[in-house]
>>> print(open('coords27.pdb').read())   # PDB, C-alpha atoms
ATOM      1  CA  MET Z1385      35.563 -51.491  26.675
ATOM      2  CA  MET Z1386      36.542 -48.154  28.213
ATOM      3  CA  LYS Z1387      37.904 -46.916  24.877
ATOM      4  CA  ARG Z1388      34.620 -47.775  23.168
ATOM      5  CA  LEU Z1389      32.645 -45.911  25.824
ATOM      6  CA  ILE Z1390      34.859 -42.813  25.501
ATOM      7  CA  ALA Z1391      34.532 -42.887  21.696
ATOM      8  CA  LEU Z1392      30.745 -43.186  21.952
ATOM      9  CA  CYS Z1393      30.531 -40.217  24.330
ATOM     10  CA  MET Z1394      32.710 -38.119  22.031
ATOM     11  CA  ALA Z1395      30.467 -38.968  19.067
ATOM     12  CA  VAL Z1396      27.352 -37.978  21.007
ATOM     13  CA  LEU Z1397      28.892 -34.672  22.113
ATOM     14  CA  PHE Z1398      30.016 -33.911  18.564
ATOM     15  CA  SER Z1399      26.491 -34.613  17.225
ATOM     16  CA  LEU Z1400      24.940 -32.342  19.859
ATOM     17  CA  SER Z1401      27.339 -29.527  18.947
ATOM     18  CA  LEU Z1402      26.417 -29.847  15.268
ATOM     19  CA  PHE Z1403      22.725 -29.795  16.190
ATOM     20  CA  THR Z1404      23.205 -26.633  18.258
ATOM     21  CA  VAL Z1405      25.047 -24.892  15.417
ATOM     22  CA  ALA Z1406      22.389 -25.937  12.931
ATOM     23  CA  MET Z1407      19.680 -24.538  15.199
ATOM     24  CA  ALA Z1408      21.466 -21.183  15.337
ATOM     25  CA  GLU Z1409      21.912 -20.758  11.586
ATOM     26  CA  THR Z1410      18.320 -20.855  10.366
ATOM     27  CA  ALA Z1411      17.124 -17.237  10.528
ATOM     28  CA  ALA Z1412      17.278 -14.430   7.964
ATOM     29  CA  PHE Z1413      15.530 -11.047   7.630
ATOM     30  CA  GLU Z1414      15.334  -8.668   4.656
ATOM     31  CA  GLY Z1415      14.457  -4.982   4.553
ATOM     32  CA  VAL Z1416      15.741  -1.421   4.680
ATOM     33  CA  VAL Z1417      18.094  -0.064   7.348
ATOM     34  CA  THR Z1418      15.905   2.559   9.034
ATOM     35  CA  LYS Z1419      18.166   3.413  11.968
ATOM     36  CA  THR Z1420      21.806   2.941  12.965
ATOM     37  CA  LEU Z1421      22.764   2.498  16.613
ATOM     38  CA  ASP Z1422      25.918   2.359  18.698
ATOM     39  CA  GLY Z1423      26.839  -1.261  18.103
ATOM     40  CA  GLY Z1424      23.819  -2.185  16.033
ATOM     41  CA  PHE Z1425      21.119  -1.225  13.537
ATOM     42  CA  ILE Z1426      17.365  -1.595  12.871
ATOM     43  CA  VAL Z1427      15.906  -3.128   9.704
ATOM     44  CA  THR Z1428      12.290  -2.597   8.587
ATOM     45  CA  ASN Z1429      10.715  -4.826   5.948
ATOM     46  CA  GLU Z1430       8.031  -3.794   3.448
ATOM     47  CA  SER Z1431       5.214  -4.902   5.772
ATOM     48  CA  GLY Z1432       6.447  -2.541   8.503
ATOM     49  CA  SER Z1433       7.969  -5.170  10.832
ATOM     50  CA  SER Z1434      11.298  -4.203  12.419
ATOM     51  CA  LEU Z1435      14.156  -6.136  14.041
ATOM     52  CA  THR Z1436      17.200  -4.795  15.892
ATOM     53  CA  PHE Z1437      20.592  -6.440  15.343
ATOM     54  CA  THR Z1438      23.929  -6.127  17.134
ATOM     55  CA  THR Z1439      27.075  -5.810  15.034
ATOM     56  CA  ASP Z1440      30.507  -4.204  15.070
ATOM     57  CA  LYS Z1441      29.828  -2.253  11.862
ATOM     58  CA  ALA Z1442      26.340  -1.198  10.820
ATOM     59  CA  PRO Z1443      25.361  -0.958   7.120
ATOM     60  CA  GLU Z1444      24.547   2.446   5.659
ATOM     61  CA  LEU Z1445      21.235   4.047   6.598
ATOM     62  CA  GLY Z1446      18.709   3.516   3.813
ATOM     63  CA  SER Z1447      20.419   0.503   2.272
ATOM     64  CA  THR Z1448      18.442  -2.656   1.528
ATOM     65  CA  VAL Z1449      19.971  -5.672   3.250
ATOM     66  CA  LYS Z1450      19.588  -9.365   3.996
ATOM     67  CA  VAL Z1451      20.655 -10.220   7.546
ATOM     68  CA  ASP Z1452      21.573 -13.752   8.596
ATOM     69  CA  TYR Z1453      21.374 -13.781  12.371
ATOM     70  CA  GLU Z1454      21.391 -15.847  15.550
ATOM     71  CA  GLY Z1455      18.916 -15.579  18.383
ATOM     72  CA  LYS Z1456      15.177 -15.620  18.882
ATOM     73  CA  VAL Z1457      12.859 -12.760  17.896
ATOM     74  CA  GLY Z1458      12.158 -10.761  21.048
ATOM     75  CA  GLU Z1459      15.658 -11.379  22.362
ATOM     76  CA  LEU Z1460      19.054  -9.932  21.469
ATOM     77  CA  LEU Z1461      19.793 -10.773  17.819
ATOM     78  CA  THR Z1462      23.359 -11.033  16.551
ATOM     79  CA  ALA Z1463      23.973 -10.255  12.881
ATOM     80  CA  LYS Z1464      26.320 -12.950  11.590
ATOM     81  CA  LYS Z1465      26.261 -11.850   7.960
ATOM     82  CA  VAL Z1466      24.890  -8.692   6.340
ATOM     83  CA  THR Z1467      24.434  -8.683   2.569
ATOM     84  CA  VAL Z1468      23.663  -5.345   0.921
ATOM     85  CA  THR Z1469      21.239  -6.083  -1.918
ATOM     86  CA  LYS Z1470      20.731  -2.432  -2.825
ATOM     87  CA  LYS Z1471      22.866   0.539  -1.921
ATOM     88  CA  ALA Z1472      21.438   3.352   0.166
ATOM     89  CA  VAL Z1473      19.411   5.964  -1.691
ATOM     90  CA  THR Z1474      19.078   9.650  -0.929
ATOM     91  CA  ASN Z1475      15.643  10.221  -2.430
ATOM     92  CA  THR Z1476      13.432  12.811  -0.767
ATOM     93  CA  VAL Z1477       9.886  13.984  -1.375
ATOM     94  CA  SER Z1478       7.837  16.832   0.107
ATOM     95  CA  GLY Z1479       4.102  17.059   0.526
ATOM     96  CA  LEU Z1480       1.136  16.759   2.829
ATOM     97  CA  VAL Z1481       0.398  13.818   5.146
ATOM     98  CA  THR Z1482      -3.103  12.636   4.215
ATOM     99  CA  SER Z1483      -3.430   9.548   6.440
ATOM    100  CA  VAL Z1484      -1.468   7.711   9.160
ATOM    101  CA  SER Z1485      -1.750   4.098  10.373
ATOM    102  CA  ASP Z1486       0.286   1.930  12.753
ATOM    103  CA  ASN Z1487       2.977   1.023  10.240
ATOM    104  CA  SER Z1488       2.453   3.300   7.258
ATOM    105  CA  PHE Z1489       1.437   6.792   6.184
ATOM    106  CA  ILE Z1490       0.414   8.448   2.909
ATOM    107  CA  VAL Z1491       1.850  11.681   1.522
ATOM    108  CA  THR Z1492       0.341  13.722  -1.309
ATOM    109  CA  THR Z1493       3.269  15.303  -3.133
ATOM    110  CA  LEU Z1494       3.315  18.821  -4.532
ATOM    111  CA  ASP Z1495       2.578  17.459  -8.017
ATOM    112  CA  GLY Z1496      -0.455  15.507  -6.788
ATOM    113  CA  LYS Z1497       1.124  12.043  -6.587
ATOM    114  CA  LEU Z1498       0.289   9.801  -3.639
ATOM    115  CA  VAL Z1499       3.091   7.787  -2.043
ATOM    116  CA  ASN Z1500       2.474   5.191   0.655
ATOM    117  CA  PHE Z1501       5.400   4.948   3.070
ATOM    118  CA  VAL Z1502       6.100   1.936   5.258
ATOM    119  CA  SER Z1503       7.225   3.146   8.685
ATOM    120  CA  SER Z1504       8.159   1.731  12.078
ATOM    121  CA  GLU Z1505       8.480   2.807  15.710
ATOM    122  CA  SER Z1506      12.170   3.471  15.035
ATOM    123  CA  LEU Z1507      11.435   6.074  12.330
ATOM    124  CA  PRO Z1508      13.337   9.295  13.159
ATOM    125  CA  ILE Z1509      10.976  12.311  13.127
ATOM    126  CA  THR Z1510      12.563  15.752  13.329
ATOM    127  CA  GLY Z1511      11.277  19.309  13.127
ATOM    128  CA  VAL Z1512       8.446  20.705  15.220
ATOM    129  CA  ALA Z1513       6.617  17.461  16.010
ATOM    130  CA  GLY Z1514       7.566  14.138  17.528
ATOM    131  CA  SER Z1515       4.832  12.180  15.770
ATOM    132  CA  LEU Z1516       2.983  12.201  12.459
ATOM    133  CA  THR Z1517      -0.612  13.341  12.006
ATOM    134  CA  ALA Z1518      -2.746  13.996   8.937
ATOM    135  CA  GLY Z1519      -2.422  17.538   7.613
ATOM    136  CA  GLN Z1520       1.283  17.992   8.407
ATOM    137  CA  ALA Z1521       3.649  19.328   5.775
ATOM    138  CA  VAL Z1522       6.637  16.985   5.636
ATOM    139  CA  LYS Z1523       9.849  16.166   3.866
ATOM    140  CA  VAL Z1524      10.470  12.404   3.715
ATOM    141  CA  SER Z1525      13.782  10.682   3.066
ATOM    142  CA  TYR Z1526      13.064   7.210   1.762
ATOM    143  CA  ALA Z1527      14.408   3.994   0.300
ATOM    144  CA  GLU Z1528      12.520   2.234  -2.457
ATOM    145  CA  VAL Z1529      11.284  -1.293  -1.823
ATOM    146  CA  GLU Z1530      10.423  -3.982  -4.366
ATOM    147  CA  GLY Z1531       8.809  -2.435  -7.435
ATOM    148  CA  GLY Z1532       9.989   1.086  -6.625
ATOM    149  CA  VAL Z1533       8.057   4.255  -5.945
ATOM    150  CA  ALA Z1534       7.344   4.871  -9.616
ATOM    151  CA  LYS Z1535       5.704   1.446 -10.060
ATOM    152  CA  LEU Z1536       3.854   0.743  -6.829
ATOM    153  CA  ASN Z1537       3.865   4.108  -5.040
ATOM    154  CA  ILE Z1538       5.284   2.419  -1.952
ATOM    155  CA  ALA Z1539       8.560   3.076  -0.173
ATOM    156  CA  THR Z1540      10.242   2.663   3.193
ATOM    157  CA  ALA Z1541      10.654   5.940   5.074
ATOM    158  CA  VAL Z1542      14.007   6.386   6.826
ATOM    159  CA  GLU Z1543      13.529   9.927   8.149
ATOM    160  CA  VAL Z1544      10.739  12.513   8.267
ATOM    161  CA  THR Z1545      11.080  16.249   8.851
ATOM    162  CA  VAL Z1546       7.891  18.082   9.803
ATOM    163  CA  ASN Z1547       7.872  21.586   8.334
ATOM    164  CA  PRO Z1548       4.748  23.662   9.050
ATOM    165  CA  THR Z1549       5.883  26.546   6.845
ATOM    166  CA  ALA Z1550       6.142  24.505   3.653
ATOM    167  CA  LYS Z1551       3.994  25.641   0.743
ATOM    168  CA  VAL Z1552       1.638  22.697   0.338
ATOM    169  CA  THR Z1553      -1.499  24.388  -1.010
ATOM    170  CA  LYS Z1554      -1.355  22.415  -4.239
ATOM    171  CA  ALA Z1555      -0.764  19.171  -2.363
ATOM    172  CA  ALA Z1556      -3.713  19.922  -0.123
ATOM    173  CA  GLU Z1557      -5.943  20.526  -3.134
ATOM    174  CA  GLN Z1558      -4.828  17.263  -4.727
ATOM    175  CA  ALA Z1559      -5.307  15.398  -1.440
ATOM    176  CA  GLU Z1560      -8.893  16.636  -1.282
ATOM    177  CA  LYS Z1561      -9.550  15.143  -4.719
ATOM    178  CA  THR Z1562      -7.794  11.830  -4.122
ATOM    179  CA  THR Z1563      -8.854  10.757  -0.643
ATOM    180  CA  ASN Z1564     -11.748   8.560   0.474
ATOM    181  CA  LYS Z1565     -12.524   7.371  -3.038
ATOM    182  CA  LYS Z1566     -14.808   4.377  -3.474
ATOM    183  CA  LEU Z1567     -15.170   1.461  -5.882
ATOM    184  CA  THR Z1568     -17.913  -1.162  -5.840
ATOM    185  CA  GLY Z1569     -17.486  -4.615  -7.299
ATOM    186  CA  THR Z1570     -17.401  -8.375  -6.797
ATOM    187  CA  VAL Z1571     -14.435 -10.051  -5.083
ATOM    188  CA  THR Z1572     -12.648 -12.322  -7.576
ATOM    189  CA  LYS Z1573      -9.479 -13.124  -5.617
ATOM    190  CA  MET Z1574      -8.177 -12.817  -2.060
ATOM    191  CA  THR Z1575      -4.807 -13.445  -0.385
ATOM    192  CA  ASP Z1576      -3.553 -12.470   3.071
ATOM    193  CA  THR Z1577      -2.373  -9.106   1.718
ATOM    194  CA  ARG Z1578      -4.362  -8.348  -1.455
ATOM    195  CA  ILE Z1579      -7.955  -8.327  -2.662
ATOM    196  CA  THR Z1580      -9.123  -8.074  -6.285
ATOM    197  CA  ILE Z1581     -12.580  -6.911  -7.317
ATOM    198  CA  LYS Z1582     -14.383  -6.754 -10.650
ATOM    199  CA  THR Z1583     -16.557  -3.692 -11.253
ATOM    200  CA  ALA Z1584     -19.787  -3.568 -13.266
ATOM    201  CA  ASN Z1585     -17.909  -2.487 -16.414
ATOM    202  CA  GLY Z1586     -15.712  -5.616 -16.312
ATOM    203  CA  LYS Z1587     -12.519  -3.952 -15.082
ATOM    204  CA  LYS Z1588     -10.488  -5.578 -12.312
ATOM    205  CA  TRP Z1589      -8.783  -3.639  -9.514
ATOM    206  CA  THR Z1590      -6.374  -4.969  -6.902
ATOM    207  CA  PHE Z1591      -5.947  -3.394  -3.455
ATOM    208  CA  LYS Z1592      -3.554  -4.094  -0.612
ATOM    209  CA  TYR Z1593      -5.351  -4.800   2.635
ATOM    210  CA  ASP Z1594      -4.955  -6.148   6.145
ATOM    211  CA  SER Z1595      -6.002  -9.793   6.553
ATOM    212  CA  LYS Z1596      -7.859  -8.784   9.748
ATOM    213  CA  TYR Z1597     -10.677  -7.706   7.414
ATOM    214  CA  LYS Z1598     -11.448 -11.394   6.948
ATOM    215  CA  LYS Z1599     -12.587 -11.493  10.568
ATOM    216  CA  THR Z1600     -13.824  -7.972  11.259
ATOM    217  CA  HIS Z1601     -15.543  -6.918   8.047
ATOM    218  CA  LYS Z1602     -18.777  -8.885   8.242
ATOM    219  CA  ARG Z1603     -22.273  -7.461   8.115
ATOM    220  CA  GLY Z1604     -24.445 -10.150   9.724
ATOM    221  CA  LYS Z1605     -24.536 -12.964   7.201
ATOM    222  CA  TYR Z1606     -22.566 -10.942   4.642
ATOM    223  CA  GLU Z1607     -19.037 -12.302   4.856
ATOM    224  CA  LEU Z1608     -15.963 -11.026   3.035
ATOM    225  CA  LYS Z1609     -15.052 -13.795   0.602
ATOM    226  CA  VAL Z1610     -14.637 -14.517  -3.107
ATOM    227  CA  GLY Z1611     -17.951 -13.754  -4.784
ATOM    228  CA  ALA Z1612     -19.018 -11.152  -2.209
ATOM    229  CA  LYS Z1613     -20.128  -7.726  -3.392
ATOM    230  CA  VAL Z1614     -18.097  -5.015  -1.675
ATOM    231  CA  ARG Z1615     -17.475  -1.288  -1.599
ATOM    232  CA  ILE Z1616     -13.819  -0.347  -1.036
ATOM    233  CA  THR Z1617     -12.671   3.030   0.292
ATOM    234  CA  TYR Z1618      -9.145   4.102  -0.648
ATOM    235  CA  ASP Z1619      -6.816   7.041  -1.255
ATOM    236  CA  GLY Z1620      -4.992   7.752  -4.493
ATOM    237  CA  PHE Z1621      -5.489   5.920  -7.754
ATOM    238  CA  ALA Z1622      -6.856   2.380  -8.064
ATOM    239  CA  SER Z1623      -4.329   1.605 -10.824
ATOM    240  CA  ALA Z1624      -1.509   2.013  -8.264
ATOM    241  CA  HIS Z1625      -2.869  -0.803  -6.023
ATOM    242  CA  PRO Z1626      -3.428   1.408  -2.937
ATOM    243  CA  PHE Z1627      -4.289   0.175   0.539
ATOM    244  CA  ALA Z1628      -7.977  -0.438   1.208
ATOM    245  CA  LYS Z1629      -8.909   1.901   4.066
ATOM    246  CA  GLY Z1630     -12.275   0.232   4.410
ATOM    247  CA  ILE Z1631     -14.112  -2.750   2.934
ATOM    248  CA  GLN Z1632     -17.897  -2.828   3.238
ATOM    249  CA  VAL Z1633     -19.625  -6.110   2.370
ATOM    250  CA  LEU Z1634     -22.920  -5.351   0.632
ATOM    251  CA  ASN Z1635     -26.210  -7.218   0.597
ATOM    252  CA  PRO Z1636     -25.902  -9.758  -2.263
ATOM    253  CA  ASN Z1637     -29.669  -9.685  -2.776
ATOM    254  CA  ALA Z1638     -29.941  -5.913  -3.152
ATOM    255  CA  ALA Z1639     -31.486  -4.756  -6.409
ATOM    256  CA  SER Z1640     -29.040  -3.470  -9.015
ATOM    257  CA  LEU Z1641     -29.096   0.248  -9.741
ATOM    258  CA  LYS Z1642     -30.739   1.306 -12.988
ATOM    259  CA  THR Z1643     -28.340   2.591 -15.645
ATOM    260  CA  HIS Z1644     -28.869   5.797 -17.634
ATOM    261  CA  LYS Z1645     -27.153   7.575 -20.511
ATOM    262  CA  LYS Z1646     -26.278  11.225 -20.931
ATOM    263  CA  SER Z1647     -24.704  12.935 -23.959
ATOM    264  CA  GLY Z1648     -23.073  16.323 -24.215
ATOM    265  CA  THR Z1649     -19.871  18.296 -24.571
ATOM    266  CA  VAL Z1650     -17.132  18.073 -21.954
ATOM    267  CA  ALA Z1651     -16.725  21.239 -19.913
ATOM    268  CA  SER Z1652     -14.021  19.797 -17.654
ATOM    269  CA  PHE Z1653     -12.372  16.427 -17.063
ATOM    270  CA  GLY Z1654      -9.696  15.383 -14.616
ATOM    271  CA  GLY Z1655      -8.926  13.207 -11.636
ATOM    272  CA  MET Z1656     -12.214  11.850 -10.283
ATOM    273  CA  ASN Z1657     -14.804  13.921 -12.127
ATOM    274  CA  ILE Z1658     -16.282  14.776 -15.519
ATOM    275  CA  LYS Z1659     -18.614  17.734 -16.133
ATOM    276  CA  LEU Z1660     -20.585  18.560 -19.271
ATOM    277  CA  THR Z1661     -21.621  21.975 -20.572
ATOM    278  CA  ASN Z1662     -25.273  21.045 -19.937
ATOM    279  CA  GLY Z1663     -24.522  20.857 -16.206
ATOM    280  CA  PHE Z1664     -24.344  17.063 -15.893
ATOM    281  CA  GLU Z1665     -21.577  15.830 -13.598
ATOM    282  CA  ALA Z1666     -20.369  12.318 -12.672
ATOM    283  CA  ASP Z1667     -17.715  10.442 -10.725
ATOM    284  CA  VAL Z1668     -15.445   8.622 -13.207
ATOM    285  CA  ALA Z1669     -13.476   6.321 -10.868
ATOM    286  CA  GLY Z1670     -13.558   2.843 -12.428
ATOM    287  CA  ALA Z1671     -15.273   4.023 -15.632
ATOM    288  CA  LYS Z1672     -14.430   2.266 -18.890
ATOM    289  CA  HIS Z1673     -13.270   4.660 -21.619
ATOM    290  CA  VAL Z1674     -14.071   3.849 -25.258
ATOM    291  CA  GLY Z1675     -14.004   5.758 -28.539
ATOM    292  CA  LYS Z1676     -11.230   7.636 -30.311
ATOM    293  CA  GLY Z1677     -12.044  11.177 -29.258
ATOM    294  CA  LYS Z1678      -9.657  13.239 -27.131
ATOM    295  CA  HIS Z1679     -10.099  12.997 -23.373
ATOM    296  CA  ALA Z1680     -10.327  16.743 -23.063
ATOM    297  CA  LYS Z1681     -12.564  19.788 -22.811
ATOM    298  CA  GLY Z1682     -14.715  20.303 -25.914
ATOM    299  CA  THR Z1683     -15.047  16.612 -26.850
ATOM    300  CA  LYS Z1684     -18.531  15.186 -27.272
ATOM    301  CA  VAL Z1685     -19.288  12.140 -25.131
ATOM    302  CA  THR Z1686     -22.016   9.707 -24.147
ATOM    303  CA  ILE Z1687     -21.860   8.651 -20.513
ATOM    304  CA  THR Z1688     -23.440   5.493 -19.109
ATOM    305  CA  TYR Z1689     -24.056   5.973 -15.397
ATOM    306  CA  THR Z1690     -25.992   5.066 -12.258
ATOM    307  CA  THR Z1691     -27.281   7.409  -9.586
ATOM    308  CA  LYS Z1692     -27.151   6.847  -5.851
ATOM    309  CA  LYS Z1693     -27.992   9.333  -3.099
ATOM    310  CA  GLY Z1694     -28.028  12.165  -5.624
ATOM    311  CA  ARG Z1695     -24.566  11.418  -7.020
ATOM    312  CA  ASN Z1696     -23.846  10.091 -10.530
ATOM    313  CA  TYR Z1697     -21.303   7.300 -11.101
ATOM    314  CA  ALA Z1698     -20.043   6.760 -14.644
ATOM    315  CA  SER Z1699     -19.456   3.152 -15.708
ATOM    316  CA  ARG Z1700     -18.702   3.861 -19.387
ATOM    317  CA  ILE Z1701     -17.655   6.954 -21.346
ATOM    318  CA  ASN Z1702     -17.717   7.005 -25.128
ATOM    319  CA  TRP Z1703     -15.379   9.719 -26.419
ATOM    320  CA  LYS Z1704     -16.477  10.834 -29.889
ATOM    321  CA  THR Z1705     -14.429  12.304 -32.723
ATOM    322  CA  LYS Z1706     -17.294  14.424 -34.078
TER     323      LYS Z1706
END
>>> encode(input="coords27.pdb", output="structure tokens")
Amino acid sequence: MMKRLIALCMAVLFSLSLFTVAMAETAAFEGVVTKTLDGGFIVTNESGSSLTFTTDKAPELGSTVKVDYEGKVGELLTAKKVTVTKKAVTNTVSGLVTSVSDNSFIVTTLDGKLVNFVSSESLPITGVAGSLTAGQAVKVSYAEVEGGVAKLNIATAVEVTVNPTAKVTKAAEQAEKTTNKKLTGTVTKMTDTRITIKTANGKKWTFKYDSKYKKTHKRGKYELKVGAKVRITYDGFASAHPFAKGIQVLNPNAASLKTHKKSGTVASFGGMNIKLTNGFEADVAGAKHVGKGKHAKGTKVTITYTTKKGRNYASRINWKTK
């Protein structure tokens, strides 16, 4: 009888030990190493969340890793296994900071490209400032995340140097042209991180956004949902799926704006704007381009547009060969 009791107790203890081990082997975290510490390292994922891990040997700064760890978030986490899924990169870019949020910031590069960087509280900032603000000239060391900078214009910053003497005149000019742009359309799809709208010309545009908009962006009875008419404010180019800085839900019963047409010869075309030699000018963000003519100065065009508050918005541009 005693032997049976001892055997039963041993079995119970063994089962409890297996349960404890199983409980400790369930967590994993993926991201970029944004800081190395004495006896540990910090990893930031593409949403800007960071975790600190203890280890005898930290992976290289800037490398993309998967960390299997023990412990509860908010407590001391022990890295049990670190798998490097992408080696550290040494990419750098210089430009002008055009906007800053809690876990990201946007830089307009010297060639006019906008790059959205995921950041964290652990981001090392050197130079003349200890924090980032819009208007600063910076040099950013970064690691690409899924999709890469070239595809999604999003990266994880690993170090920022603020340099007030950098020549960023061109970047500043580009930033002026590519900030606070707006698109109006109907919401066709929503997830916790992305929203897709369809504009009047039938084109669809997808923006990254914070799911808090679902709760905060309501105008009385006008709720943000699929089918709602919205106006989205953003920086950069809609084709690069930028972050929505603002989402305004419009009155679904408001009368549609009357469309007009204007023909002429292109005096200038680029970025956000088209201007004709007859003085007509329109915003071209979201416009549908048709015809086989060159998208350049001197080409004859017919522009379909609407006017609101004295500003013209092109919805269709027909580029003519003659």
>>> residues_around(input="coords27.pdb", residues="Ala1651 in chain Z", least_positions_apart="3", cutoff="9 Å", atoms="all atoms listed in the file", output="short mmCIF file (atom, residue, chain, number, x, y, z; two decimals) with C-alpha atoms, keeping the file's coordinate frame")
data_model
loop_
_atom_site.label_atom_id
_atom_site.label_comp_id
_atom_site.auth_asym_id
_atom_site.auth_seq_id
_atom_site.Cartn_x
_atom_site.Cartn_y
_atom_site.Cartn_z
CA ILE Z 1658 -16.28 14.78 -15.52
CA LYS Z 1659 -18.61 17.73 -16.13
CA LEU Z 1660 -20.58 18.56 -19.27
CA THR Z 1661 -21.62 21.98 -20.57
CA ASN Z 1662 -25.27 21.04 -19.94
CA GLY Z 1663 -24.52 20.86 -16.21
CA ALA Z 1680 -10.33 16.74 -23.06
CA LYS Z 1681 -12.56 19.79 -22.81
CA GLY Z 1682 -14.72 20.30 -25.91
CA THR Z 1683 -15.05 16.61 -26.85
#
>>> residues_around(input="coords27.pdb", residues="Val1417 in chain Z", least_positions_apart="2", cutoff="6 Å", atoms="only C-alpha atoms", output="PyMOL selection string")
chain Z and resi 1419+1426-1427+1445-1447
>>> resolve_selection(input="coords27.pdb", expression="the PyMOL selection byres ((chain Z and resi 1490) around 8)", output="PyMOL selection string")
chain Z and resi 1481-1484+1488-1489+1491-1492+1498-1501
>>> resolve_selection(input="coords27.pdb", expression="the PyMOL selection byres ((chain Z and resi 1688) around 10)", output="list of chain:residue names")
Z:Thr1643, Z:His1644, Z:Lys1645, Z:Lys1646, Z:Ser1647, Z:Ala1666, Z:Ala1671, Z:Lys1672, Z:Val1685, Z:Thr1686, Z:Ile1687, Z:Tyr1689, Z:Thr1690, Z:Asn1696, Z:Tyr1697, Z:Ala1698, Z:Ser1699, Z:Arg1700, Z:Ile1701, Z:Asn1702
>>> residues_around(input="coords27.pdb", residues="Lys1629 in chain Z", least_positions_apart="2", cutoff="12 Å", atoms="all atoms listed in the file", output="VMD selection string")
chain Z and resid 1483 to 1485 1488 to 1490 1563 to 1567 1591 to 1594 1597 1601 1615 to 1620 1626 to 1627 1631 to 1632
>>> resolve_selection(input="coords27.pdb", expression="the PyMOL selection byres ((chain Z and resi 1458) around 12)", output="list in words")
Ser1434, Leu1435, Thr1436, Phe1437, Glu1454, Gly1455, Lys1456, Val1457, Glu1459, Leu1460 and Leu1461 of chain Z
>>> write_last_selection(input="coords27.pdb", atoms="C-alpha atoms", output="mmCIF file, in the frame of the given file")
data_model
loop_
_atom_site.group_PDB
_atom_site.id
_atom_site.type_symbol
_atom_site.label_atom_id
_atom_site.label_comp_id
_atom_site.auth_asym_id
_atom_site.auth_seq_id
_atom_site.Cartn_x
_atom_site.Cartn_y
_atom_site.Cartn_z
ATOM 1 C CA SER Z 1434 11.298 -4.203 12.419
ATOM 2 C CA LEU Z 1435 14.156 -6.136 14.041
ATOM 3 C CA THR Z 1436 17.200 -4.795 15.892
ATOM 4 C CA PHE Z 1437 20.592 -6.440 15.343
ATOM 5 C CA GLU Z 1454 21.391 -15.847 15.550
ATOM 6 C CA GLY Z 1455 18.916 -15.579 18.383
ATOM 7 C CA LYS Z 1456 15.177 -15.620 18.882
ATOM 8 C CA VAL Z 1457 12.859 -12.760 17.896
ATOM 9 C CA GLU Z 1459 15.658 -11.379 22.362
ATOM 10 C CA LEU Z 1460 19.054 -9.932 21.469
ATOM 11 C CA LEU Z 1461 19.793 -10.773 17.819
#
